[in-house]
Structure formats: C-alpha cells, structure tokens
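This is coords-v1.pdb. It holds PDB, N, CA and C atoms.
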```pdb
ATOM      1  N   MET A   1      32.343  83.273 -43.420
ATOM      2  CA  MET A   1      31.864  82.371 -44.457
ATOM      3  C   MET A   1      31.168  83.189 -45.539
ATOM      4  N   ILE A   2      31.512  82.915 -46.775
ATOM      5  CA  ILE A   2      30.888  83.585 -47.917
ATOM      6  C   ILE A   2      29.606  82.842 -48.273
ATOM      7  N   SER A   3      28.562  83.612 -48.561
ATOM      8  CA  SER A   3      27.274  83.044 -48.928
ATOM      9  C   SER A   3      26.812  83.599 -50.267
ATOM     10  N   ILE A   4      26.080  82.757 -50.975
ATOM     11  CA  ILE A   4      25.488  83.119 -52.258
ATOM     12  C   ILE A   4      23.978  83.163 -52.064
ATOM     13  N   GLY A   5      23.353  84.245 -52.512
ATOM     14  CA  GLY A   5      21.911  84.395 -52.354
ATOM     15  C   GLY A   5      21.200  84.404 -53.687
ATOM     16  N   PHE A   6      19.993  83.865 -53.669
ATOM     17  CA  PHE A   6      19.117  83.858 -54.838
ATOM     18  C   PHE A   6      17.809  84.526 -54.441
ATOM     19  N   ILE A   7      17.409  85.542 -55.185
ATOM     20  CA  ILE A   7      16.126  86.198 -54.950
ATOM     21  C   ILE A   7      15.397  86.256 -56.284
ATOM     22  N   VAL A   8      14.193  85.732 -56.322
ATOM     23  CA  VAL A   8      13.382  85.782 -57.533
ATOM     24  C   VAL A   8      12.547  87.058 -57.483
ATOM     25  N   CYS A   9      12.636  87.857 -58.551
ATOM     26  CA  CYS A   9      11.939  89.141 -58.626
ATOM     27  C   CYS A   9      10.951  89.134 -59.784
ATOM     28  N   LYS A  10       9.963  90.020 -59.703
ATOM     29  CA  LYS A  10       8.935  90.043 -60.758
ATOM     30  C   LYS A  10       9.484  90.514 -62.098
ATOM     31  N   ASP A  11      10.523  91.387 -62.059
ATOM     32  CA  ASP A  11      11.099  91.879 -63.306
ATOM     33  C   ASP A  11      12.482  92.477 -63.043
ATOM     34  N   THR A  12      13.133  92.915 -64.101
ATOM     35  CA  THR A  12      14.482  93.469 -63.994
ATOM     36  C   THR A  12      14.493  94.757 -63.178
ATOM     37  N   GLU A  13      13.483  95.564 -63.328
ATOM     38  CA  GLU A  13      13.409  96.829 -62.575
ATOM     39  C   GLU A  13      13.415  96.566 -61.069
ATOM     40  N   GLU A  14      12.633  95.602 -60.625
ATOM     41  CA  GLU A  14      12.602  95.274 -59.205
ATOM     42  C   GLU A  14      13.953  94.720 -58.742
ATOM     43  N   ALA A  15      14.553  93.857 -59.541
ATOM     44  CA  ALA A  15      15.861  93.287 -59.200
ATOM     45  C   ALA A  15      16.918  94.386 -59.096
ATOM     46  N   GLU A  16      16.901  95.348 -60.008
ATOM     47  CA  GLU A  16      17.851  96.457 -59.968
ATOM     48  C   GLU A  16      17.652  97.313 -58.728
ATOM     49  N   LYS A  17      16.406  97.567 -58.371
ATOM     50  CA  LYS A  17      16.099  98.378 -57.187
ATOM     51  C   LYS A  17      16.636  97.706 -55.920
ATOM     52  N   ILE A  18      16.407  96.407 -55.798
ATOM     53  CA  ILE A  18      16.886  95.663 -54.628
ATOM     54  C   ILE A  18      18.409  95.600 -54.629
ATOM     55  N   ALA A  19      18.997  95.296 -55.768
ATOM     56  CA  ALA A  19      20.461  95.212 -55.872
ATOM     57  C   ALA A  19      21.107  96.539 -55.491
ATOM     58  N   ASP A  20      20.606  97.637 -56.030
ATOM     59  CA  ASP A  20      21.172  98.949 -55.728
ATOM     60  C   ASP A  20      21.105  99.257 -54.236
ATOM     61  N   ALA A  21      19.978  98.974 -53.611
ATOM     62  CA  ALA A  21      19.821  99.250 -52.176
ATOM     63  C   ALA A  21      20.801  98.433 -51.341
ATOM     64  N   LEU A  22      20.952  97.152 -51.682
ATOM     65  CA  LEU A  22      21.863  96.284 -50.929
ATOM     66  C   LEU A  22      23.321  96.670 -51.150
ATOM     67  N   LEU A  23      23.662  97.047 -52.372
ATOM     68  CA  LEU A  23      25.022  97.490 -52.669
ATOM     69  C   LEU A  23      25.348  98.809 -51.963
ATOM     70  N   GLU A  24      24.415  99.751 -51.992
ATOM     71  CA  GLU A  24      24.639 101.041 -51.352
ATOM     72  C   GLU A  24      24.887 100.893 -49.851
ATOM     73  N   LYS A  25      24.229  99.939 -49.228
ATOM     74  CA  LYS A  25      24.409  99.696 -47.791
ATOM     75  C   LYS A  25      25.577  98.755 -47.511
ATOM     76  N   ARG A  26      26.253  98.327 -48.577
ATOM     77  CA  ARG A  26      27.398  97.401 -48.486
ATOM     78  C   ARG A  26      27.027  96.090 -47.792
ATOM     79  N   LEU A  27      25.794  95.671 -47.998
ATOM     80  CA  LEU A  27      25.353  94.378 -47.473
ATOM     81  C   LEU A  27      25.768  93.249 -48.400
ATOM     82  N   VAL A  28      25.991  93.569 -49.667
ATOM     83  CA  VAL A  28      26.471  92.601 -50.645
ATOM     84  C   VAL A  28      27.638  93.233 -51.401
ATOM     85  N   ALA A  29      28.529  92.390 -51.900
ATOM     86  CA  ALA A  29      29.668  92.882 -52.683
ATOM     87  C   ALA A  29      29.351  92.901 -54.166
ATOM     88  N   CYS A  30      28.424  92.043 -54.585
ATOM     89  CA  CYS A  30      28.134  91.884 -56.003
ATOM     90  C   CYS A  30      26.702  91.392 -56.170
ATOM     91  N   ALA A  31      26.061  91.867 -57.226
ATOM     92  CA  ALA A  31      24.720  91.405 -57.571
ATOM     93  C   ALA A  31      24.675  91.150 -59.077
ATOM     94  N   ASN A  32      24.237  89.970 -59.465
ATOM     95  CA  ASN A  32      24.055  89.632 -60.877
ATOM     96  C   ASN A  32      22.562  89.532 -61.144
ATOM     97  N   ILE A  33      22.127  90.101 -62.241
ATOM     98  CA  ILE A  33      20.714  90.097 -62.597
ATOM     99  C   ILE A  33      20.540  89.244 -63.850
ATOM    100  N   LEU A  34      19.763  88.180 -63.702
ATOM    101  CA  LEU A  34      19.522  87.233 -64.791
ATOM    102  C   LEU A  34      18.051  87.324 -65.180
ATOM    103  N   SER A  35      17.780  87.991 -66.278
ATOM    104  CA  SER A  35      16.395  88.165 -66.706
ATOM    105  C   SER A  35      15.956  87.009 -67.598
ATOM    106  N   GLY A  36      14.648  86.920 -67.782
ATOM    107  CA  GLY A  36      14.110  85.936 -68.706
ATOM    108  C   GLY A  36      14.000  84.523 -68.169
ATOM    109  N   ILE A  37      13.918  84.364 -66.845
ATOM    110  CA  ILE A  37      13.725  83.016 -66.328
ATOM    111  C   ILE A  37      12.232  82.689 -66.308
ATOM    112  N   GLN A  38      11.923  81.449 -66.477
ATOM    113  CA  GLN A  38      10.543  80.964 -66.422
ATOM    114  C   GLN A  38      10.381  80.198 -65.120
ATOM    115  N   SER A  39       9.425  80.602 -64.312
ATOM    116  CA  SER A  39       9.176  79.940 -63.034
ATOM    117  C   SER A  39       7.826  79.234 -63.066
ATOM    118  N   LYS A  40       7.781  78.083 -62.442
ATOM    119  CA  LYS A  40       6.543  77.332 -62.257
ATOM    120  C   LYS A  40       6.470  76.984 -60.780
ATOM    121  N   TYR A  41       5.305  77.182 -60.170
ATOM    122  CA  TYR A  41       5.193  77.027 -58.719
ATOM    123  C   TYR A  41       3.733  76.843 -58.297
ATOM    124  N   TRP A  42       3.582  76.313 -57.096
ATOM    125  CA  TRP A  42       2.256  76.187 -56.506
ATOM    126  C   TRP A  42       1.874  77.514 -55.845
ATOM    127  N   TRP A  43       0.638  77.991 -56.112
ATOM    128  CA  TRP A  43       0.128  79.181 -55.445
ATOM    129  C   TRP A  43      -1.389  79.066 -55.386
ATOM    130  N   ASN A  44      -1.940  79.177 -54.194
ATOM    131  CA  ASN A  44      -3.388  79.073 -53.981
ATOM    132  C   ASN A  44      -3.965  77.794 -54.577
ATOM    133  N   ASN A  45      -3.290  76.684 -54.289
ATOM    134  CA  ASN A  45      -3.750  75.346 -54.672
ATOM    135  C   ASN A  45      -3.775  75.079 -56.176
ATOM    136  N   LYS A  46      -2.991  75.823 -56.940
ATOM    137  CA  LYS A  46      -2.877  75.507 -58.357
ATOM    138  C   LYS A  46      -1.470  75.840 -58.840
ATOM    139  N   ILE A  47      -1.092  75.208 -59.935
ATOM    140  CA  ILE A  47       0.229  75.454 -60.506
ATOM    141  C   ILE A  47       0.165  76.716 -61.360
ATOM    142  N   GLU A  48       1.071  77.638 -61.052
ATOM    143  CA  GLU A  48       1.174  78.903 -61.776
ATOM    144  C   GLU A  48       2.479  78.928 -62.560
ATOM    145  N   SER A  49       2.585  79.877 -63.473
ATOM    146  CA  SER A  49       3.846  80.088 -64.171
ATOM    147  C   SER A  49       4.000  81.582 -64.416
ATOM    148  N   ALA A  50       5.267  82.038 -64.439
ATOM    149  CA  ALA A  50       5.526  83.466 -64.616
ATOM    150  C   ALA A  50       6.914  83.678 -65.202
ATOM    151  N   ASP A  51       7.044  84.754 -65.971
ATOM    152  CA  ASP A  51       8.352  85.222 -66.409
ATOM    153  C   ASP A  51       8.894  86.085 -65.279
ATOM    154  N   GLU A  52      10.095  85.771 -64.815
ATOM    155  CA  GLU A  52      10.663  86.484 -63.677
ATOM    156  C   GLU A  52      12.139  86.786 -63.924
ATOM    157  N   THR A  53      12.756  87.435 -62.954
ATOM    158  CA  THR A  53      14.171  87.790 -63.005
ATOM    159  C   THR A  53      14.835  87.265 -61.744
ATOM    160  N   LEU A  54      16.017  86.677 -61.903
ATOM    161  CA  LEU A  54      16.755  86.134 -60.764
ATOM    162  C   LEU A  54      17.860  87.097 -60.369
ATOM    163  N   LEU A  55      17.922  87.402 -59.082
ATOM    164  CA  LEU A  55      18.969  88.242 -58.522
ATOM    165  C   LEU A  55      19.910  87.330 -57.748
ATOM    166  N   LEU A  56      21.167  87.311 -58.147
ATOM    167  CA  LEU A  56      22.192  86.465 -57.539
ATOM    168  C   LEU A  56      23.118  87.382 -56.741
ATOM    169  N   LEU A  57      23.293  87.087 -55.441
ATOM    170  CA  LEU A  57      24.049  87.966 -54.545
ATOM    171  C   LEU A  57      25.237  87.255 -53.930
ATOM    172  N   LYS A  58      26.320  88.024 -53.675
ATOM    173  CA  LYS A  58      27.484  87.505 -52.957
ATOM    174  C   LYS A  58      27.690  88.362 -51.723
ATOM    175  N   THR A  59      27.757  87.712 -50.543
ATOM    176  CA  THR A  59      27.890  88.428 -49.286
ATOM    177  C   THR A  59      28.552  87.539 -48.241
ATOM    178  N   GLN A  60      28.642  88.070 -47.037
ATOM    179  CA  GLN A  60      29.111  87.282 -45.905
ATOM    180  C   GLN A  60      27.900  86.730 -45.158
ATOM    181  N   GLU A  61      28.072  85.574 -44.563
ATOM    182  CA  GLU A  61      26.985  84.925 -43.831
ATOM    183  C   GLU A  61      26.396  85.852 -42.766
ATOM    184  N   LYS A  62      27.222  86.652 -42.127
ATOM    185  CA  LYS A  62      26.754  87.537 -41.060
ATOM    186  C   LYS A  62      25.774  88.611 -41.552
ATOM    187  N   ASN A  63      25.719  88.836 -42.855
ATOM    188  CA  ASN A  63      24.822  89.861 -43.410
ATOM    189  C   ASN A  63      23.464  89.320 -43.848
ATOM    190  N   ILE A  64      23.295  88.022 -43.840
ATOM    191  CA  ILE A  64      22.100  87.424 -44.443
ATOM    192  C   ILE A  64      20.799  87.938 -43.834
ATOM    193  N   GLU A  65      20.684  87.958 -42.534
ATOM    194  CA  GLU A  65      19.421  88.396 -41.914
ATOM    195  C   GLU A  65      19.071  89.826 -42.311
ATOM    196  N   THR A  66      20.066  90.704 -42.356
ATOM    197  CA  THR A  66      19.814  92.086 -42.748
ATOM    198  C   THR A  66      19.462  92.173 -44.232
ATOM    199  N   VAL A  67      20.120  91.385 -45.058
ATOM    200  CA  VAL A  67      19.783  91.353 -46.490
ATOM    201  C   VAL A  67      18.321  90.928 -46.670
ATOM    202  N   ILE A  68      17.904  89.909 -45.954
ATOM    203  CA  ILE A  68      16.515  89.436 -46.047
ATOM    204  C   ILE A  68      15.551  90.537 -45.612
ATOM    205  N   LYS A  69      15.845  91.180 -44.490
ATOM    206  CA  LYS A  69      14.983  92.249 -43.979
ATOM    207  C   LYS A  69      14.864  93.399 -44.983
ATOM    208  N   GLU A  70      15.998  93.841 -45.521
ATOM    209  CA  GLU A  70      15.985  94.944 -46.485
ATOM    210  C   GLU A  70      15.287  94.547 -47.786
ATOM    211  N   THR A  71      15.480  93.319 -48.216
ATOM    212  CA  THR A  71      14.828  92.836 -49.436
ATOM    213  C   THR A  71      13.317  92.812 -49.267
ATOM    214  N   ARG A  72      12.850  92.328 -48.132
ATOM    215  CA  ARG A  72      11.394  92.240 -47.911
ATOM    216  C   ARG A  72      10.741  93.616 -47.927
ATOM    217  N   LYS A  73      11.473  94.657 -47.527
ATOM    218  CA  LYS A  73      10.934  96.025 -47.560
ATOM    219  C   LYS A  73      10.676  96.483 -48.993
ATOM    220  N   LEU A  74      11.498  96.014 -49.939
ATOM    221  CA  LEU A  74      11.455  96.495 -51.319
ATOM    222  C   LEU A  74      10.749  95.553 -52.284
ATOM    223  N   HIS A  75      10.574  94.314 -51.894
ATOM    224  CA  HIS A  75      10.048  93.288 -52.800
ATOM    225  C   HIS A  75       8.536  93.378 -52.907
ATOM    226  N   SER A  76       8.024  93.123 -54.085
ATOM    227  CA  SER A  76       6.582  93.233 -54.327
ATOM    228  C   SER A  76       5.792  91.969 -53.969
ATOM    229  N   TYR A  77       6.470  90.834 -53.831
ATOM    230  CA  TYR A  77       5.754  89.582 -53.585
ATOM    231  C   TYR A  77       5.365  89.441 -52.117
ATOM    232  N   GLU A  78       4.231  88.812 -51.891
ATOM    233  CA  GLU A  78       3.768  88.520 -50.533
ATOM    234  C   GLU A  78       4.755  87.594 -49.813
ATOM    235  N   ILE A  79       5.232  86.579 -50.532
ATOM    236  CA  ILE A  79       6.209  85.632 -49.990
ATOM    237  C   ILE A  79       7.348  85.509 -51.012
ATOM    238  N   PRO A  80       8.326  86.422 -50.956
ATOM    239  CA  PRO A  80       9.415  86.340 -51.942
ATOM    240  C   PRO A  80      10.325  85.152 -51.688
ATOM    241  N   ALA A  81      10.834  84.574 -52.760
ATOM    242  CA  ALA A  81      11.816  83.492 -52.663
ATOM    243  C   ALA A  81      13.173  84.138 -52.403
ATOM    244  N   ILE A  82      13.657  83.978 -51.184
ATOM    245  CA  ILE A  82      14.958  84.504 -50.786
ATOM    246  C   ILE A  82      15.714  83.333 -50.183
ATOM    247  N   GLU A  83      16.776  82.891 -50.851
ATOM    248  CA  GLU A  83      17.512  81.704 -50.418
ATOM    249  C   GLU A  83      19.000  82.000 -50.379
ATOM    250  N   PHE A  84      19.671  81.487 -49.352
ATOM    251  CA  PHE A  84      21.119  81.634 -49.237
ATOM    252  C   PHE A  84      21.769  80.288 -49.007
ATOM    253  N   PHE A  85      22.964  80.129 -49.565
ATOM    254  CA  PHE A  85      23.745  78.907 -49.433
ATOM    255  C   PHE A  85      25.190  79.284 -49.139
ATOM    256  N   ASN A  86      25.857  78.467 -48.359
ATOM    257  CA  ASN A  86      27.289  78.669 -48.157
ATOM    258  C   ASN A  86      28.008  78.405 -49.466
ATOM    259  N   ALA A  87      29.000  79.221 -49.763
ATOM    260  CA  ALA A  87      29.689  79.125 -51.047
ATOM    261  C   ALA A  87      30.562  77.879 -51.163
ATOM    262  N   GLY A  88      30.975  77.279 -50.055
ATOM    263  CA  GLY A  88      31.842  76.104 -50.136
ATOM    264  C   GLY A  88      33.205  76.496 -50.660
ATOM    265  N   GLN A  89      33.674  75.826 -51.674
ATOM    266  CA  GLN A  89      34.964  76.155 -52.274
ATOM    267  C   GLN A  89      34.841  77.455 -53.065
ATOM    268  N   ILE A  90      35.715  78.383 -52.750
ATOM    269  CA  ILE A  90      35.695  79.671 -53.433
ATOM    270  C   ILE A  90      37.131  80.175 -53.522
ATOM    271  N   ALA A  91      37.479  80.805 -54.607
ATOM    272  CA  ALA A  91      38.833  81.333 -54.776
ATOM    273  C   ALA A  91      39.128  82.344 -53.665
ATOM    274  N   LYS A  92      40.256  82.180 -52.995
ATOM    275  CA  LYS A  92      40.596  83.030 -51.840
ATOM    276  C   LYS A  92      40.628  84.520 -52.171
ATOM    277  N   PRO A  93      41.214  84.939 -53.293
ATOM    278  CA  PRO A  93      41.193  86.381 -53.579
ATOM    279  C   PRO A  93      39.770  86.932 -53.733
ATOM    280  N   TYR A  94      38.884  86.125 -54.330
ATOM    281  CA  TYR A  94      37.494  86.553 -54.502
ATOM    282  C   TYR A  94      36.790  86.626 -53.154
ATOM    283  N   ALA A  95      37.008  85.649 -52.293
ATOM    284  CA  ALA A  95      36.413  85.650 -50.954
ATOM    285  C   ALA A  95      36.890  86.858 -50.155
ATOM    286  N   LYS A  96      38.169  87.149 -50.232
ATOM    287  CA  LYS A  96      38.719  88.308 -49.510
ATOM    288  C   LYS A  96      38.110  89.610 -50.031
ATOM    289  N   TRP A  97      37.891  89.689 -51.335
ATOM    290  CA  TRP A  97      37.253  90.875 -51.923
ATOM    291  C   TRP A  97      35.832  91.042 -51.374
ATOM    292  N   ILE A  98      35.063  89.952 -51.334
ATOM    293  CA  ILE A  98      33.695  90.012 -50.796
ATOM    294  C   ILE A  98      33.733  90.476 -49.346
ATOM    295  N   GLU A  99      34.630  89.900 -48.548
ATOM    296  CA  GLU A  99      34.749  90.295 -47.140
ATOM    297  C   GLU A  99      35.105  91.777 -47.017
ATOM    298  N   ARG A 100      36.055  92.227 -47.816
ATOM    299  CA  ARG A 100      36.486  93.628 -47.758
ATOM    300  C   ARG A 100      35.347  94.578 -48.128
ATOM    301  N   GLU A 101      34.602  94.241 -49.168
ATOM    302  CA  GLU A 101      33.550  95.137 -49.661
ATOM    303  C   GLU A 101      32.291  95.136 -48.800
ATOM    304  N   THR A 102      32.150  94.151 -47.927
ATOM    305  CA  THR A 102      30.950  94.086 -47.084
ATOM    306  C   THR A 102      31.278  94.274 -45.602
ATOM    307  N   ASN A 103      32.442  94.810 -45.301
ATOM    308  CA  ASN A 103      32.805  95.065 -43.911
ATOM    309  C   ASN A 103      32.086  96.297 -43.377
ATOM    310  N   GLN A 104      31.776  96.273 -42.110
ATOM    311  CA  GLN A 104      31.025  97.330 -41.443
ATOM    312  C   GLN A 104      31.655  98.711 -41.664
ATOM    313  N   GLU A 105      32.983  98.812 -41.588
ATOM    314  CA  GLU A 105      33.619 100.124 -41.695
ATOM    315  C   GLU A 105      33.484 100.740 -43.088
ATOM    316  N   ASN A 106      33.132  99.941 -44.090
ATOM    317  CA  ASN A 106      32.937 100.470 -45.438
ATOM    318  C   ASN A 106      31.529 101.006 -45.660
ATOM    319  N   LYS A 107      30.601 100.653 -44.786
ATOM    320  CA  LYS A 107      29.189 100.975 -45.016
ATOM    321  C   LYS A 107      28.944 102.474 -45.038
ATOM    322  N   LEU A 108      28.195 102.884 -46.026
ATOM    323  CA  LEU A 108      27.808 104.281 -46.147
ATOM    324  C   LEU A 108      26.593 104.520 -45.273
ATOM    325  N   VAL A 109      26.568 105.641 -44.598
ATOM    326  CA  VAL A 109      25.431 105.943 -43.706
ATOM    327  C   VAL A 109      24.651 107.089 -44.282
TER     328      VAL A 109
END
```
Will you turn the file into structure tokens for me?
Amino acid sequence: MISIGFIVCKDTEEAEKIADALLEKRLVACANILSGIQSKYWWNNKIESADETLLLLKTQEKNIETVIKETRKLHSYEIPAIEFFNAGQIAKPYAKWIERETNQENKLV
C-alpha cells in the first residue's frame, strides 16, 4: 500500500535535511517541500501561529514506522506533526515506481 506523509517543519532548511536523510536511506521515493505555510495551533493552553514548511512524502506503508523514527531524530520540535494516509486511488505506474524506489534491496548502507 502506498502512503502519503505530511511533516510540518520549522523552515525549509529543516525540511531539506529530513527529506535528504529519508531519500538517502530509500525510506521514501519522493519528497516535496512546500514553504510559506501559515500554521495556527494550540500550545501551552493558548493559540499560537507560525510560518512553517510542509514536507510531503511518498512511501510504502511498511516504511512508515521507520520514517517516523528517523524524522524524530532530526526534527527540532518537541512534538512534530507527522501524519500518514493511505493513498487510495493512485496511478499504477507511479505506485510501482514508489515501490521500486523504496525496496529494501535498493537501500544504501
């Protein structure tokens, strides 16, 4: 099953660092970095707001736990927003590409 991940990062530099690490380990096939998002959220009993960067990931469901673990090592937030969803309908050639690029035998050690 193909999964799509969303990780909110403090800035583009952090998103690039996480994306590069996940790509190098072949845990994800693709990472899109969307800068300039405005986030509003509850923190310490008050509403906060921040300019942040969204990291969008494509991977296989079997990689999610490892992606979360590796992301938490690199992320600056105490409680980073790391969310994954099943892709549902997805073009078969694209799904096969994601599977091929995130297979264990491709992983660099």
Write out as a ChimeraX atom specification the residues lying within 9 Å of Met1 (chain A), counting only C-alpha atoms and excluding same-chain residues fewer than 6 positions away. /A:59-62,86-88,95,99
Show me, as a count of residues only, the residues that have an atom within 6 Å of region 28-30 of chain A when counting all atoms listed in the file, minus same-chain residues fewer than 3 positions from it. 10
What parts of region 25-85 of chain A does DSSP call strand (DSSP E or B)? I'd like the answer as a ChimeraX atom specification. /A:30-43,46-60,82-85
Pick out the residues sitting within 9 Å of region 6-20 of chain A, and hand them over as JSON, numbers by chain; count only C-alpha atoms, and ignore anything fewer than 5 positions along from it in its own chain. {"A": [25, 28, 30, 31, 32, 33, 34, 35, 36, 50, 51, 52, 53, 54, 55, 56, 57, 70, 71, 74, 75, 76, 77, 80, 81, 82, 83, 84, 85]}
For the residues selected in the previous step, produce a file with N, CA and C atoms as a compact mmCIF listing (two decimals), in the coordinates of the input.
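Saved the output as result33.txt:
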```txt
# COMPACT_ATOMS: atom_id res chain seq x y z
N LYS A 25 24.23 99.94 -49.23
CA LYS A 25 24.41 99.70 -47.79
C LYS A 25 25.58 98.76 -47.51
N VAL A 28 25.99 93.57 -49.67
CA VAL A 28 26.47 92.60 -50.64
C VAL A 28 27.64 93.23 -51.40
N CYS A 30 28.42 92.04 -54.58
CA CYS A 30 28.13 91.88 -56.00
C CYS A 30 26.70 91.39 -56.17
N ALA A 31 26.06 91.87 -57.23
CA ALA A 31 24.72 91.40 -57.57
C ALA A 31 24.68 91.15 -59.08
N ASN A 32 24.24 89.97 -59.46
CA ASN A 32 24.06 89.63 -60.88
C ASN A 32 22.56 89.53 -61.14
N ILE A 33 22.13 90.10 -62.24
CA ILE A 33 20.71 90.10 -62.60
C ILE A 33 20.54 89.24 -63.85
N LEU A 34 19.76 88.18 -63.70
CA LEU A 34 19.52 87.23 -64.79
C LEU A 34 18.05 87.32 -65.18
N SER A 35 17.78 87.99 -66.28
CA SER A 35 16.40 88.16 -66.71
C SER A 35 15.96 87.01 -67.60
N GLY A 36 14.65 86.92 -67.78
CA GLY A 36 14.11 85.94 -68.71
C GLY A 36 14.00 84.52 -68.17
N ALA A 50 5.27 82.04 -64.44
CA ALA A 50 5.53 83.47 -64.62
C ALA A 50 6.91 83.68 -65.20
N ASP A 51 7.04 84.75 -65.97
CA ASP A 51 8.35 85.22 -66.41
C ASP A 51 8.89 86.08 -65.28
N GLU A 52 10.10 85.77 -64.82
CA GLU A 52 10.66 86.48 -63.68
C GLU A 52 12.14 86.79 -63.92
N THR A 53 12.76 87.44 -62.95
CA THR A 53 14.17 87.79 -63.00
C THR A 53 14.84 87.26 -61.74
N LEU A 54 16.02 86.68 -61.90
CA LEU A 54 16.76 86.13 -60.76
C LEU A 54 17.86 87.10 -60.37
N LEU A 55 17.92 87.40 -59.08
CA LEU A 55 18.97 88.24 -58.52
C LEU A 55 19.91 87.33 -57.75
N LEU A 56 21.17 87.31 -58.15
CA LEU A 56 22.19 86.46 -57.54
C LEU A 56 23.12 87.38 -56.74
N LEU A 57 23.29 87.09 -55.44
CA LEU A 57 24.05 87.97 -54.54
C LEU A 57 25.24 87.26 -53.93
N GLU A 70 16.00 93.84 -45.52
CA GLU A 70 15.98 94.94 -46.48
C GLU A 70 15.29 94.55 -47.79
N THR A 71 15.48 93.32 -48.22
CA THR A 71 14.83 92.84 -49.44
C THR A 71 13.32 92.81 -49.27
N LEU A 74 11.50 96.01 -49.94
CA LEU A 74 11.46 96.50 -51.32
C LEU A 74 10.75 95.55 -52.28
N HIS A 75 10.57 94.31 -51.89
CA HIS A 75 10.05 93.29 -52.80
C HIS A 75 8.54 93.38 -52.91
N SER A 76 8.02 93.12 -54.08
CA SER A 76 6.58 93.23 -54.33
C SER A 76 5.79 91.97 -53.97
N TYR A 77 6.47 90.83 -53.83
CA TYR A 77 5.75 89.58 -53.58
C TYR A 77 5.36 89.44 -52.12
N PRO A 80 8.33 86.42 -50.96
CA PRO A 80 9.41 86.34 -51.94
C PRO A 80 10.32 85.15 -51.69
N ALA A 81 10.83 84.57 -52.76
CA ALA A 81 11.82 83.49 -52.66
C ALA A 81 13.17 84.14 -52.40
N ILE A 82 13.66 83.98 -51.18
CA ILE A 82 14.96 84.50 -50.79
C ILE A 82 15.71 83.33 -50.18
N GLU A 83 16.78 82.89 -50.85
CA GLU A 83 17.51 81.70 -50.42
C GLU A 83 19.00 82.00 -50.38
N PHE A 84 19.67 81.49 -49.35
CA PHE A 84 21.12 81.63 -49.24
C PHE A 84 21.77 80.29 -49.01
N PHE A 85 22.96 80.13 -49.56
CA PHE A 85 23.74 78.91 -49.43
C PHE A 85 25.19 79.28 -49.14
```
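With CA of Ile64 (chain A) on one side and atom C of Ser49 (chain A) on the other, the separation reads 27.6 Å.
We find atom C of Leu27 (chain A) and CA of Asn103 (chain A) to be spaced 8.5 Å apart.
Picture a line from CA of Trp97 (chain A) to CA of Ser3 (chain A); it runs 13.0 Å.
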Apply DSSP to the backbone of this structure and, from chain A, keep only the residues in helix (DSSP H, G or I); write these as a VMD selection string. chain A and resid 12 to 24 61 to 74 92 to 101 104 to 106
With 6 Å of padding per side, what axis-aligned box (centre and edge lengths, Å, one decimal) covers all the listed atoms of region 33-36 of chain A? Give it as lines of an AutoDock Vina configuration file.
```
center_x = 18.1
center_y = 87.3
center_z = -65.5
size_x = 20.1
size_y = 17.6
size_z = 18.5
```
